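start.pdb (PDB, C-alpha atoms) appears below.
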MODEL        1
ATOM      1  CA  MET A 355       0.000   0.000   0.000  1.00  0.00           C
ATOM      2  CA  GLN A 356       1.015   3.603  -0.418  1.00  0.00           C
ATOM      3  CA  SER A 357       0.777   6.055   2.407  1.00  0.00           C
ATOM      4  CA  GLU A 358       0.806   9.833   2.441  1.00  0.00           C
ATOM      5  CA  ALA A 359       2.413  11.491   5.447  1.00  0.00           C
ATOM      6  CA  ILE A 360       2.998  15.107   6.373  1.00  0.00           C
ATOM      7  CA  HIS A 361       6.662  15.919   6.894  1.00  0.00           C
ATOM      8  CA  PRO A 362       7.363  17.335  10.378  1.00  0.00           C
ATOM      9  CA  THR A 363       8.066  20.791   8.912  1.00  0.00           C
ATOM     10  CA  GLY A 364       4.376  20.898   8.014  1.00  0.00           C
ATOM     11  CA  ALA A 365       5.113  21.334   4.318  1.00  0.00           C
ATOM     12  CA  THR A 366       4.403  19.158   1.289  1.00  0.00           C
ATOM     13  CA  PRO A 367       3.018  15.642   1.865  1.00  0.00           C
ATOM     14  CA  VAL A 368       5.547  12.924   1.083  1.00  0.00           C
ATOM     15  CA  VAL A 369       4.360   9.790  -0.745  1.00  0.00           C
ATOM     16  CA  LEU A 370       5.869   6.780   0.983  1.00  0.00           C
ATOM     17  CA  PRO A 371       5.824   3.417  -0.836  1.00  0.00           C
ATOM     18  CA  ALA A 372       5.273   0.475   1.496  1.00  0.00           C
ATOM     19  CA  ASP A 373       3.835  -2.828   0.280  1.00  0.00           C
ATOM     20  CA  PHE A 374       2.451  -3.877   3.665  1.00  0.00           C
ATOM     21  CA  HIS A 375      -0.004  -2.497   6.198  1.00  0.00           C
ATOM     22  CA  HIS A 376       1.752  -0.103   8.521  1.00  0.00           C
ATOM     23  CA  GLY A 377       1.402   2.868  10.813  1.00  0.00           C
ATOM     24  CA  PHE A 378       3.633   5.562  12.230  1.00  0.00           C
ATOM     25  CA  ALA A 379       5.225   6.436  15.558  1.00  0.00           C
ATOM     26  CA  VAL A 380       6.934   9.524  16.933  1.00  0.00           C
ATOM     27  CA  ASN A 381       9.344  10.239  19.786  1.00  0.00           C
ATOM     28  CA  GLU A 382      11.703  13.054  20.715  1.00  0.00           C
ATOM     29  CA  PHE A 383      14.079  12.248  17.850  1.00  0.00           C
ATOM     30  CA  GLY A 384      11.696  11.784  14.949  1.00  0.00           C
ATOM     31  CA  PHE A 385       9.164   9.688  13.065  1.00  0.00           C
ATOM     32  CA  TYR A 386       9.111   5.961  12.311  1.00  0.00           C
ATOM     33  CA  CYS A 387       7.327   3.517  10.015  1.00  0.00           C
ATOM     34  CA  ILE A 388       5.901   0.577  11.977  1.00  0.00           C
ATOM     35  CA  PRO A 389       4.743  -2.494   9.984  1.00  0.00           C
ATOM     36  CA  ASP A 390       1.542  -3.967  11.406  1.00  0.00           C
ATOM     37  CA  ALA A 391       3.148  -7.426  11.380  1.00  0.00           C
ATOM     38  CA  VAL A 392       5.680  -6.398  14.046  1.00  0.00           C
ATOM     39  CA  ARG A 393       3.655  -3.901  16.121  1.00  0.00           C
ATOM     40  CA  GLN A 394       3.888  -6.206  19.148  1.00  0.00           C
ATOM     41  CA  ARG A 395       7.671  -6.491  19.050  1.00  0.00           C
ATOM     42  CA  GLU A 396       9.366  -4.770  21.983  1.00  0.00           C
ATOM     43  CA  VAL A 397      11.062  -2.041  19.932  1.00  0.00           C
ATOM     44  CA  CYS A 398       7.871  -1.165  18.058  1.00  0.00           C
ATOM     45  CA  LYS A 399       5.788  -1.080  21.236  1.00  0.00           C
ATOM     46  CA  LEU A 400       8.253   1.403  22.735  1.00  0.00           C
ATOM     47  CA  LEU A 401       8.175   3.611  19.646  1.00  0.00           C
ATOM     48  CA  LEU A 402       4.375   3.543  19.488  1.00  0.00           C
ATOM     49  CA  GLN A 403       4.318   4.732  23.107  1.00  0.00           C
ATOM     50  CA  GLY A 404       6.521   7.689  22.174  1.00  0.00           C
ATOM     51  CA  GLU A 405       9.567   6.202  23.904  1.00  0.00           C
ATOM     52  CA  VAL A 406      13.152   5.618  22.763  1.00  0.00           C
ATOM     53  CA  ASN A 407      14.687   2.184  22.268  1.00  0.00           C
ATOM     54  CA  GLU A 408      17.920   1.702  24.275  1.00  0.00           C
ATOM     55  CA  PRO A 409      18.182   5.423  25.116  1.00  0.00           C
ATOM     56  CA  ARG A 410      21.434   5.209  27.101  1.00  0.00           C
ATOM     57  CA  THR A 411      23.215   3.265  24.363  1.00  0.00           C
ATOM     58  CA  LEU A 412      21.893   5.686  21.764  1.00  0.00           C
ATOM     59  CA  ASN A 413      23.085   8.735  23.687  1.00  0.00           C
ATOM     60  CA  LEU A 414      26.519   7.194  24.164  1.00  0.00           C
ATOM     61  CA  ILE A 415      26.833   6.534  20.414  1.00  0.00           C
ATOM     62  CA  ARG A 416      25.934  10.177  19.783  1.00  0.00           C
ATOM     63  CA  ARG A 417      28.673  11.325  22.159  1.00  0.00           C
ATOM     64  CA  LEU A 418      31.310   8.901  20.870  1.00  0.00           C
ATOM     65  CA  ALA A 419      30.899  10.005  17.245  1.00  0.00           C
ATOM     66  CA  ARG A 420      33.423  12.832  17.907  1.00  0.00           C
ATOM     67  CA  GLY A 421      33.213  14.255  14.381  1.00  0.00           C
ATOM     68  CA  GLY A 422      33.612  10.887  12.628  1.00  0.00           C
ATOM     69  CA  ASP A 423      31.267   8.514  10.813  1.00  0.00           C
ATOM     70  CA  VAL A 424      29.088   5.961  12.611  1.00  0.00           C
ATOM     71  CA  ILE A 425      28.150   2.464  11.452  1.00  0.00           C
ATOM     72  CA  SER A 426      24.939   1.135  13.021  1.00  0.00           C
ATOM     73  CA  GLY A 427      23.006  -1.953  11.928  1.00  0.00           C
ATOM     74  CA  GLY A 428      20.892  -3.938  11.473  1.00  0.00           C
ATOM     75  CA  ALA A 429      18.506  -1.072  11.154  1.00  0.00           C
ATOM     76  CA  PHE A 430      15.189  -2.896  11.779  1.00  0.00           C
ATOM     77  CA  VAL A 431      12.718   0.013  11.213  1.00  0.00           C
ATOM     78  CA  GLY A 432      15.439   2.667  11.448  1.00  0.00           C
ATOM     79  CA  ASP A 433      14.787   3.367  15.125  1.00  0.00           C
ATOM     80  CA  PHE A 434      18.398   4.485  15.822  1.00  0.00           C
ATOM     81  CA  LEU A 435      18.857   6.512  12.642  1.00  0.00           C
ATOM     82  CA  PRO A 436      17.193   9.892  13.381  1.00  0.00           C
ATOM     83  CA  ALA A 437      18.935  10.338  16.745  1.00  0.00           C
ATOM     84  CA  ILE A 438      22.410   9.431  15.454  1.00  0.00           C
ATOM     85  CA  SER A 439      21.955  11.422  12.253  1.00  0.00           C
ATOM     86  CA  GLN A 440      21.140  14.591  14.216  1.00  0.00           C
ATOM     87  CA  ALA A 441      24.278  14.253  16.365  1.00  0.00           C
ATOM     88  CA  LEU A 442      26.828  13.941  13.548  1.00  0.00           C
ATOM     89  CA  ALA A 443      29.237  16.717  12.647  1.00  0.00           C
ATOM     90  CA  PRO A 444      28.878  18.453   9.269  1.00  0.00           C
ATOM     91  CA  GLY A 445      30.196  16.146   6.553  1.00  0.00           C
ATOM     92  CA  ALA A 446      30.050  13.001   8.717  1.00  0.00           C
ATOM     93  CA  LEU A 447      27.903  10.063   7.607  1.00  0.00           C
ATOM     94  CA  LEU A 448      25.803   7.362   9.236  1.00  0.00           C
ATOM     95  CA  HIS A 449      26.172   4.002   7.486  1.00  0.00           C
ATOM     96  CA  SER A 450      23.470   1.404   8.109  1.00  0.00           C
ATOM     97  CA  PHE A 451      22.234  -1.878   6.658  1.00  0.00           C
ATOM     98  CA  GLU A 452      19.315  -4.288   6.938  1.00  0.00           C
ATOM     99  CA  PRO A 453      18.718  -7.620   5.138  1.00  0.00           C
ATOM    100  CA  ASN A 454      15.034  -8.200   6.068  1.00  0.00           C
ATOM    101  CA  PRO A 455      12.934  -7.025   3.056  1.00  0.00           C
ATOM    102  CA  MET A 456      10.024  -5.675   5.129  1.00  0.00           C
ATOM    103  CA  SER A 457      12.388  -3.903   7.524  1.00  0.00           C
ATOM    104  CA  GLN A 458      14.291  -2.437   4.584  1.00  0.00           C
ATOM    105  CA  THR A 459      11.138  -0.769   3.297  1.00  0.00           C
ATOM    106  CA  ALA A 460      10.220   0.481   6.792  1.00  0.00           C
ATOM    107  CA  THR A 461      13.711   1.955   7.162  1.00  0.00           C
ATOM    108  CA  HIS A 462      13.480   3.685   3.787  1.00  0.00           C
ATOM    109  CA  VAL A 463      10.191   5.243   4.943  1.00  0.00           C
ATOM    110  CA  THR A 464      11.733   6.317   8.268  1.00  0.00           C
ATOM    111  CA  ILE A 465      14.638   7.922   6.401  1.00  0.00           C
ATOM    112  CA  ALA A 466      12.189   9.742   4.097  1.00  0.00           C
ATOM    113  CA  LEU A 467       9.965  10.918   6.964  1.00  0.00           C
ATOM    114  CA  ASN A 468      12.943  12.487   8.718  1.00  0.00           C
ATOM    115  CA  ARG A 469      14.808  13.577   5.566  1.00  0.00           C
ATOM    116  CA  LEU A 470      18.070  12.083   6.753  1.00  0.00           C
ATOM    117  CA  ALA A 471      20.471  13.323   4.090  1.00  0.00           C
ATOM    118  CA  ASN A 472      23.580  12.065   5.883  1.00  0.00           C
ATOM    119  CA  VAL A 473      22.453   8.413   6.075  1.00  0.00           C
ATOM    120  CA  ARG A 474      23.826   5.799   3.665  1.00  0.00           C
ATOM    121  CA  PHE A 475      21.553   2.760   3.834  1.00  0.00           C
ATOM    122  CA  HIS A 476      22.401  -0.640   2.321  1.00  0.00           C
ATOM    123  CA  PRO A 477      19.741  -3.378   1.825  1.00  0.00           C
ATOM    124  CA  VAL A 478      22.133  -6.227   2.657  1.00  0.00           C
ATOM    125  CA  ALA A 479      23.459  -8.431   5.429  1.00  0.00           C
ATOM    126  CA  VAL A 480      27.090  -7.952   6.422  1.00  0.00           C
ATOM    127  CA  GLY A 481      29.657 -10.718   6.785  1.00  0.00           C
ATOM    128  CA  GLU A 482      33.220 -11.809   6.180  1.00  0.00           C
ATOM    129  CA  ALA A 483      32.833 -12.279   2.399  1.00  0.00           C
ATOM    130  CA  ASP A 484      30.516 -11.175  -0.379  1.00  0.00           C
ATOM    131  CA  GLY A 485      27.865 -13.691  -1.372  1.00  0.00           C
ATOM    132  CA  HIS A 486      24.371 -14.802  -0.365  1.00  0.00           C
ATOM    133  CA  LEU A 487      23.050 -16.464   2.793  1.00  0.00           C
ATOM    134  CA  PRO A 488      19.685 -17.783   4.046  1.00  0.00           C
ATOM    135  CA  PHE A 489      18.012 -15.282   6.357  1.00  0.00           C
ATOM    136  CA  LYS A 490      15.205 -16.302   8.704  1.00  0.00           C
ATOM    137  CA  VAL A 491      12.366 -13.754   8.554  1.00  0.00           C
ATOM    138  CA  THR A 492       9.365 -15.707   9.912  1.00  0.00           C
ATOM    139  CA  ARG A 493       8.728 -18.428  12.452  1.00  0.00           C
ATOM    140  CA  PRO A 494       7.425 -21.793  11.138  1.00  0.00           C
ATOM    141  CA  GLY A 495       3.867 -20.667  11.910  1.00  0.00           C
ATOM    142  CA  GLY A 496       4.246 -17.569   9.751  1.00  0.00           C
ATOM    143  CA  GLU A 497       4.816 -14.939  12.464  1.00  0.00           C
ATOM    144  CA  ALA A 498       7.137 -12.142  11.302  1.00  0.00           C
ATOM    145  CA  MET A 499      10.364 -12.080  13.326  1.00  0.00           C
ATOM    146  CA  GLY A 500      11.129  -8.410  12.722  1.00  0.00           C
ATOM    147  CA  GLY A 501      14.207  -7.244  14.621  1.00  0.00           C
ATOM    148  CA  ILE A 502      15.209 -10.757  15.656  1.00  0.00           C
ATOM    149  CA  SER A 503      15.488 -12.006  12.069  1.00  0.00           C
ATOM    150  CA  ARG A 504      18.855 -13.637  11.562  1.00  0.00           C
ATOM    151  CA  VAL A 505      21.322 -15.394   9.280  1.00  0.00           C
ATOM    152  CA  VAL A 506      20.921 -19.172   9.541  1.00  0.00           C
ATOM    153  CA  ALA A 507      22.861 -22.171   8.261  1.00  0.00           C
ATOM    154  CA  GLU A 508      20.264 -23.652   5.874  1.00  0.00           C
ATOM    155  CA  HIS A 509      17.340 -22.537   3.752  1.00  0.00           C
ATOM    156  CA  GLN A 510      13.880 -23.442   5.085  1.00  0.00           C
ATOM    157  CA  GLN A 511      10.903 -23.111   2.757  1.00  0.00           C
ATOM    158  CA  GLY A 512       8.479 -20.395   3.843  1.00  0.00           C
ATOM    159  CA  VAL A 513      10.720 -19.300   6.720  1.00  0.00           C
ATOM    160  CA  THR A 514      13.920 -17.956   5.125  1.00  0.00           C
ATOM    161  CA  VAL A 515      14.795 -15.720   2.207  1.00  0.00           C
ATOM    162  CA  GLU A 516      18.116 -15.514   0.410  1.00  0.00           C
ATOM    163  CA  VAL A 517      19.840 -12.187   1.043  1.00  0.00           C
ATOM    164  CA  PRO A 518      22.980 -10.587  -0.378  1.00  0.00           C
ATOM    165  CA  VAL A 519      25.964 -10.322   1.952  1.00  0.00           C
ATOM    166  CA  ARG A 520      28.613  -7.600   1.751  1.00  0.00           C
ATOM    167  CA  ARG A 521      31.715  -6.766   3.736  1.00  0.00           C
ATOM    168  CA  LEU A 522      31.546  -3.543   5.725  1.00  0.00           C
ATOM    169  CA  ASP A 523      35.016  -2.744   4.349  1.00  0.00           C
ATOM    170  CA  ASP A 524      33.389  -2.588   0.907  1.00  0.00           C
ATOM    171  CA  LEU A 525      30.284  -0.646   1.988  1.00  0.00           C
ATOM    172  CA  VAL A 526      32.245   2.173   3.669  1.00  0.00           C
ATOM    173  CA  ASP A 527      34.838   3.998   1.593  1.00  0.00           C
ATOM    174  CA  ALA A 528      38.356   3.743   3.005  1.00  0.00           C
ATOM    175  CA  SER A 529      38.637   7.537   2.961  1.00  0.00           C
ATOM    176  CA  ARG A 530      35.975   7.809   5.702  1.00  0.00           C
ATOM    177  CA  ARG A 531      36.954   7.885   9.390  1.00  0.00           C
ATOM    178  CA  VAL A 532      34.684   5.694  11.507  1.00  0.00           C
ATOM    179  CA  SER A 533      34.386   6.583  15.200  1.00  0.00           C
ATOM    180  CA  VAL A 534      31.729   4.049  16.258  1.00  0.00           C
ATOM    181  CA  LEU A 535      30.851   0.578  14.988  1.00  0.00           C
ATOM    182  CA  HIS A 536      27.534  -0.644  16.423  1.00  0.00           C
ATOM    183  CA  LEU A 537      26.352  -4.131  15.466  1.00  0.00           C
ATOM    184  CA  ASP A 538      23.016  -5.701  16.380  1.00  0.00           C
ATOM    185  CA  VAL A 539      23.016  -8.696  14.034  1.00  0.00           C
ATOM    186  CA  GLU A 540      21.604 -11.500  16.166  1.00  0.00           C
ATOM    187  CA  GLY A 541      24.688 -13.658  16.676  1.00  0.00           C
ATOM    188  CA  HIS A 542      26.399 -12.811  13.372  1.00  0.00           C
ATOM    189  CA  GLU A 543      28.813 -10.337  14.973  1.00  0.00           C
ATOM    190  CA  GLY A 544      31.919 -12.487  14.407  1.00  0.00           C
ATOM    191  CA  PRO A 545      31.610 -12.686  10.599  1.00  0.00           C
ATOM    192  CA  ALA A 546      30.499  -9.039  10.466  1.00  0.00           C
ATOM    193  CA  LEU A 547      33.676  -7.980  12.304  1.00  0.00           C
ATOM    194  CA  GLN A 548      35.811 -10.153  10.017  1.00  0.00           C
ATOM    195  CA  GLY A 549      34.408  -8.169   7.109  1.00  0.00           C
ATOM    196  CA  ALA A 550      35.286  -4.901   8.855  1.00  0.00           C
ATOM    197  CA  THR A 551      38.968  -5.681   9.517  1.00  0.00           C
ATOM    198  CA  GLY A 552      40.135  -2.715   7.452  1.00  0.00           C
ATOM    199  CA  ILE A 553      37.827  -0.263   9.239  1.00  0.00           C
ATOM    200  CA  VAL A 554      38.732  -1.511  12.706  1.00  0.00           C
ATOM    201  CA  THR A 555      42.472  -1.668  12.057  1.00  0.00           C
ATOM    202  CA  ARG A 556      42.572   1.739  10.388  1.00  0.00           C
ATOM    203  CA  ASP A 557      40.222   3.767  12.598  1.00  0.00           C
ATOM    204  CA  ARG A 558      40.134   1.893  15.938  1.00  0.00           C
ATOM    205  CA  PRO A 559      36.468   2.771  16.520  1.00  0.00           C
ATOM    206  CA  ALA A 560      34.541   2.190  19.713  1.00  0.00           C
ATOM    207  CA  LEU A 561      32.732  -1.146  19.327  1.00  0.00           C
ATOM    208  CA  ILE A 562      29.187  -1.654  20.585  1.00  0.00           C
ATOM    209  CA  LEU A 563      27.983  -5.223  20.085  1.00  0.00           C
ATOM    210  CA  GLU A 564      24.769  -6.946  21.108  1.00  0.00           C
ATOM    211  CA  ALA A 565      25.241  -9.527  23.846  1.00  0.00           C
ATOM    212  CA  THR A 566      22.253 -10.676  25.862  1.00  0.00           C
ATOM    213  CA  ARG A 567      24.160 -13.337  27.815  1.00  0.00           C
ATOM    214  CA  PHE A 568      27.512 -13.417  29.602  1.00  0.00           C
ATOM    215  CA  ARG A 569      28.797 -16.227  27.385  1.00  0.00           C
ATOM    216  CA  GLN A 570      28.146 -14.045  24.312  1.00  0.00           C
ATOM    217  CA  ALA A 571      30.165 -11.182  25.810  1.00  0.00           C
ATOM    218  CA  ARG A 572      32.972 -13.593  26.674  1.00  0.00           C
ATOM    219  CA  ALA A 573      32.974 -15.036  23.141  1.00  0.00           C
ATOM    220  CA  LEU A 574      33.097 -11.552  21.608  1.00  0.00           C
ATOM    221  CA  LYS A 575      35.993 -10.575  23.852  1.00  0.00           C
ATOM    222  CA  ALA A 576      37.904 -13.695  22.786  1.00  0.00           C
ATOM    223  CA  HIS A 577      37.148 -13.001  19.126  1.00  0.00           C
ATOM    224  CA  LEU A 578      38.419  -9.420  19.362  1.00  0.00           C
ATOM    225  CA  SER A 579      41.544 -10.504  21.232  1.00  0.00           C
ATOM    226  CA  GLU A 580      42.355 -12.976  18.465  1.00  0.00           C
ATOM    227  CA  THR A 581      41.344 -10.897  15.451  1.00  0.00           C
ATOM    228  CA  PHE A 582      42.631  -7.483  16.564  1.00  0.00           C
ATOM    229  CA  ARG A 583      45.424  -8.417  18.969  1.00  0.00           C
ATOM    230  CA  ASP A 584      47.599  -5.496  17.803  1.00  0.00           C
ATOM    231  CA  ILE A 585      44.897  -3.050  18.886  1.00  0.00           C
ATOM    232  CA  GLY A 586      44.073  -4.770  22.146  1.00  0.00           C
ATOM    233  CA  TYR A 587      40.377  -4.057  22.512  1.00  0.00           C
ATOM    234  CA  GLN A 588      39.297  -4.086  26.142  1.00  0.00           C
ATOM    235  CA  LEU A 589      35.845  -4.816  27.505  1.00  0.00           C
ATOM    236  CA  VAL A 590      34.725  -1.705  29.397  1.00  0.00           C
ATOM    237  CA  GLY A 591      31.176  -2.638  30.370  1.00  0.00           C
ATOM    238  CA  THR A 592      27.678  -3.721  29.458  1.00  0.00           C
ATOM    239  CA  MET A 593      24.454  -1.761  29.165  1.00  0.00           C
ATOM    240  CA  GLU A 594      20.993  -2.371  27.680  1.00  0.00           C
ATOM    241  CA  ARG A 595      21.912  -5.786  26.235  1.00  0.00           C
ATOM    242  CA  ASN A 596      25.045  -4.408  24.606  1.00  0.00           C
ATOM    243  CA  VAL A 597      28.715  -4.910  25.381  1.00  0.00           C
ATOM    244  CA  PHE A 598      31.190  -2.052  24.916  1.00  0.00           C
ATOM    245  CA  PHE A 599      34.823  -2.315  23.799  1.00  0.00           C
ATOM    246  CA  LEU A 600      37.469   0.405  23.485  1.00  0.00           C
ATOM    247  CA  PRO A 601      41.017   0.194  22.123  1.00  0.00           C
ATOM    248  CA  GLU A 602      43.616  -0.197  24.868  1.00  0.00           C
ATOM    249  CA  GLY A 603      45.146   3.110  25.893  1.00  0.00           C
ATOM    250  CA  LEU A 604      42.119   5.208  24.984  1.00  0.00           C
ATOM    251  CA  GLY A 605      41.476   7.590  27.849  1.00  0.00           C
ATOM    252  CA  ARG A 606      44.698   6.836  29.729  1.00  0.00           C
ATOM    253  CA  PRO A 607      46.688   9.856  30.928  1.00  0.00           C
ATOM    254  CA  VAL A 608      49.670  10.785  28.788  1.00  0.00           C
ATOM    255  CA  SER A 609      52.951  10.172  30.615  1.00  0.00           C
ATOM    256  CA  GLY A 610      55.728  12.719  30.804  1.00  0.00           C
TER     257      GLY A 610
ENDMDL
END
Please express the file's structure as structure tokens.
Amino acid sequence: MQSEAIHPTGATPVVLPADFHHGFAVNEFGFYCIPDAVRQREVCKLLLQGEVNEPRTLNLIRRLARGGDVISGGAFVGDFLPAISQALAPGALLHSFEPNPMSQTATHVTIALNRLANVRFHPVAVGEADGHLPFKVTRPGGEAMGGISRVVAEHQQGVTVEVPVRRLDDLVDASRRVSVLHLDVEGHEGPALQGATGIVTRDRPALILEATRFRQARALKAHLSETFRDIGYQLVGTMERNVFFLPEGLGRPVSG
């Protein structure tokens, strides 16, 4: 279906293409497209109540940007994009991605509603090599998974779709300086980081990775220690189901 929405400036209506039933939400940072199929998901319920998803994590990302670019994905319905976009310095970019087809369309609508000119959105999954992978978008009974959609090992009829996979090193030009790399990719963080080796080695960004269990945080710490041993990423804490890593030496007093 197509929907007509008034832009927040109160000017010309914007025609927003969306091939599913959907509504809209608003909070202090902007406007969001909410597919009916995922209205009961936690993130969407928060947005529909006028609240912010993971507000402390979001505010920290805004502060850590420090004039550089930010990578944040998967986007889901674009719930992080308006807030981060507004906090970036002139000329800085927000790079995001999302493999779920319905979420891609919702994110495009969110970007249009808020006129986010500094966002570069990619309708892909990210991983360690270019290619295609099966991506689980519905449960066996047909319920849309929304923000917990994920890369899986095998195709399952009626449950998965095949999605393109790109390396973050190829999505973000090497001339850009990335200050923050935020990944919420439902257990696919390891391959995603492998595909961002150039970015991490070159720019040493703050890393914010989803980890809902202690064993996930421990596995991510081990992965970073092995993959980026020359940088020496250190675990500095957890908050709102995310684990935070900074390069060793960042914030230490200068001797002499």
For atom CA of A:Phe598 and atom CA of A:Leu561, quote the distance in Å rounded to one decimal.
5.9 Å
Between atom CA of A:Asn468 and atom CA of A:Ala550, measure the distance and give it in Å to one decimal.
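Between these atoms lies a distance of 28.3 Å.
All residues of protein, DNA or RNA that reach within 9 Å of stretch 571-575 of chain A, judged by all atoms listed in the file and not counting those fewer than 3 positions away in the chain, are A:Glu543, A:Gly544, A:Leu563, A:Glu564, A:Ala565, A:Thr566, A:Arg567, A:Phe568, A:Leu578, A:Ser579, A:Glu580, A:Tyr587, A:Gln588, A:Leu589, A:Thr592, A:Asn596, A:Val597, A:Phe599.
Nearest residue to A:Ile502, choosing from A:Arg558, A:Arg474, A:His542, A:Arg583 and counting all atoms listed in the file: A:His542.
Distances here use only C-alpha atoms; by that measure, the residue among A:Glu508, A:Pro559, A:Arg531, A:Gly384 closest to A:Leu467 is A:Gly384.
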How many Å lie between atom CA of A:Asp390 and atom CA of A:His376, rounded to one decimal?
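Computing the Euclidean distance for atom CA of A:Asp390 and atom CA of A:His376 yields 4.8 Å.
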Please evaluate the PyMOL selection byres ((chain A and resi 445) around 9) against the displayed coordinates and give the resulting residues as a list in words.
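On the file shown, the PyMOL selection byres ((chain A and resi 445) around 9) covers Gly421, Gly422, Asp423, Leu442, Ala443, Pro444, Ala446, Leu447 and Asn472 of chain A.
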Any chance you could export the current selection's C-alpha atoms as a PDB file, keeping the file's coordinate frame?
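Writing done, so here's out22.pdb:
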ATOM      1  CA  GLY A 421      33.213  14.255  14.381  1.00  0.00           C
ATOM      2  CA  GLY A 422      33.612  10.887  12.628  1.00  0.00           C
ATOM      3  CA  ASP A 423      31.267   8.514  10.813  1.00  0.00           C
ATOM      4  CA  LEU A 442      26.828  13.941  13.548  1.00  0.00           C
ATOM      5  CA  ALA A 443      29.237  16.717  12.647  1.00  0.00           C
ATOM      6  CA  PRO A 444      28.878  18.453   9.269  1.00  0.00           C
ATOM      7  CA  ALA A 446      30.050  13.001   8.717  1.00  0.00           C
ATOM      8  CA  LEU A 447      27.903  10.063   7.607  1.00  0.00           C
ATOM      9  CA  ASN A 472      23.580  12.065   5.883  1.00  0.00           C
TER      10      ASN A 472
END
Just the residues within 12 Å of A:Gly496, please, counting only C-alpha atoms, with nothing from its chain fewer than 6 positions along; format it as a compact mmCIF listing (two decimals) with C-alpha atoms, keeping the file's coordinate frame.
# COMPACT_ATOMS: atom_id res chain seq x y z
CA ALA A 391 3.15 -7.43 11.38
CA LYS A 490 15.20 -16.30 8.70
CA GLN A 511 10.90 -23.11 2.76
CA GLY A 512 8.48 -20.40 3.84
CA VAL A 513 10.72 -19.30 6.72
CA THR A 514 13.92 -17.96 5.12
For A:Leu401, work out the shell of residues within 10 Å, counting all atoms listed in the file and skipping chain neighbours fewer than 4 positions away, then give it as a ChimeraX atom specification.
/A:378-381,385-388,393,396-397,405-407,433
For A:His449, list every protein, DNA or RNA residue within 8 Å, evaluated using all atoms listed in the file, and leave out those in the same chain fewer than 3 positions away; present the list as a VMD selection string.
chain A and resid 423 to 426 473 to 476 526
A:Asp538, A:Val506, A:Arg395, A:Phe383: which is nearest A:Leu470, counting all atoms listed in the file?
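For A:Leu470, the nearest of the given residues is A:Phe383.
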Considering all atoms listed in the file, can you say which of A:Val478, A:Val554, A:Ile585, A:Leu525 comes closest to A:Glu452?
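Among the listed residues, the smallest separation from A:Glu452 belongs to A:Val478.
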Taking the file as I've supplied it (selection: the PyMOL selection byres ((chain A and resi 488) around 12)), which residues are included? Please answer as a list in words.
Pro453, Asn454, Val478, Ala479, Gly485, His486, Leu487, Phe489, Lys490, Val491, Ser503, Arg504, Val505, Val506, Ala507, Glu508, His509, Gln510, Gln511, Gly512, Val513, Thr514, Val515, Glu516, Val517, Pro518 and Val519 of chain A
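Comparing the minimum interatomic distances between A:Ala466 and each of A:Leu412, A:Leu448, A:Gly432, A:Gln440, counting all atoms listed in the file, we find that A:Gly432 sits nearest.
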Could you tell me which of A:Ala429, A:Leu435, A:Cys398, A:Leu522 comes closest to A:Arg416 if we count all atoms listed in the file?
A:Leu435
Edge lengths and centre in Å, axis-aligned, stretch 515-526 of chain A plus 6 Å each side, as AutoDock Vina command-line options:
--center_x 24.9 --center_y -6.8 --center_z 2.7 --size_x 32.2 --size_y 29.9 --size_z 18.1
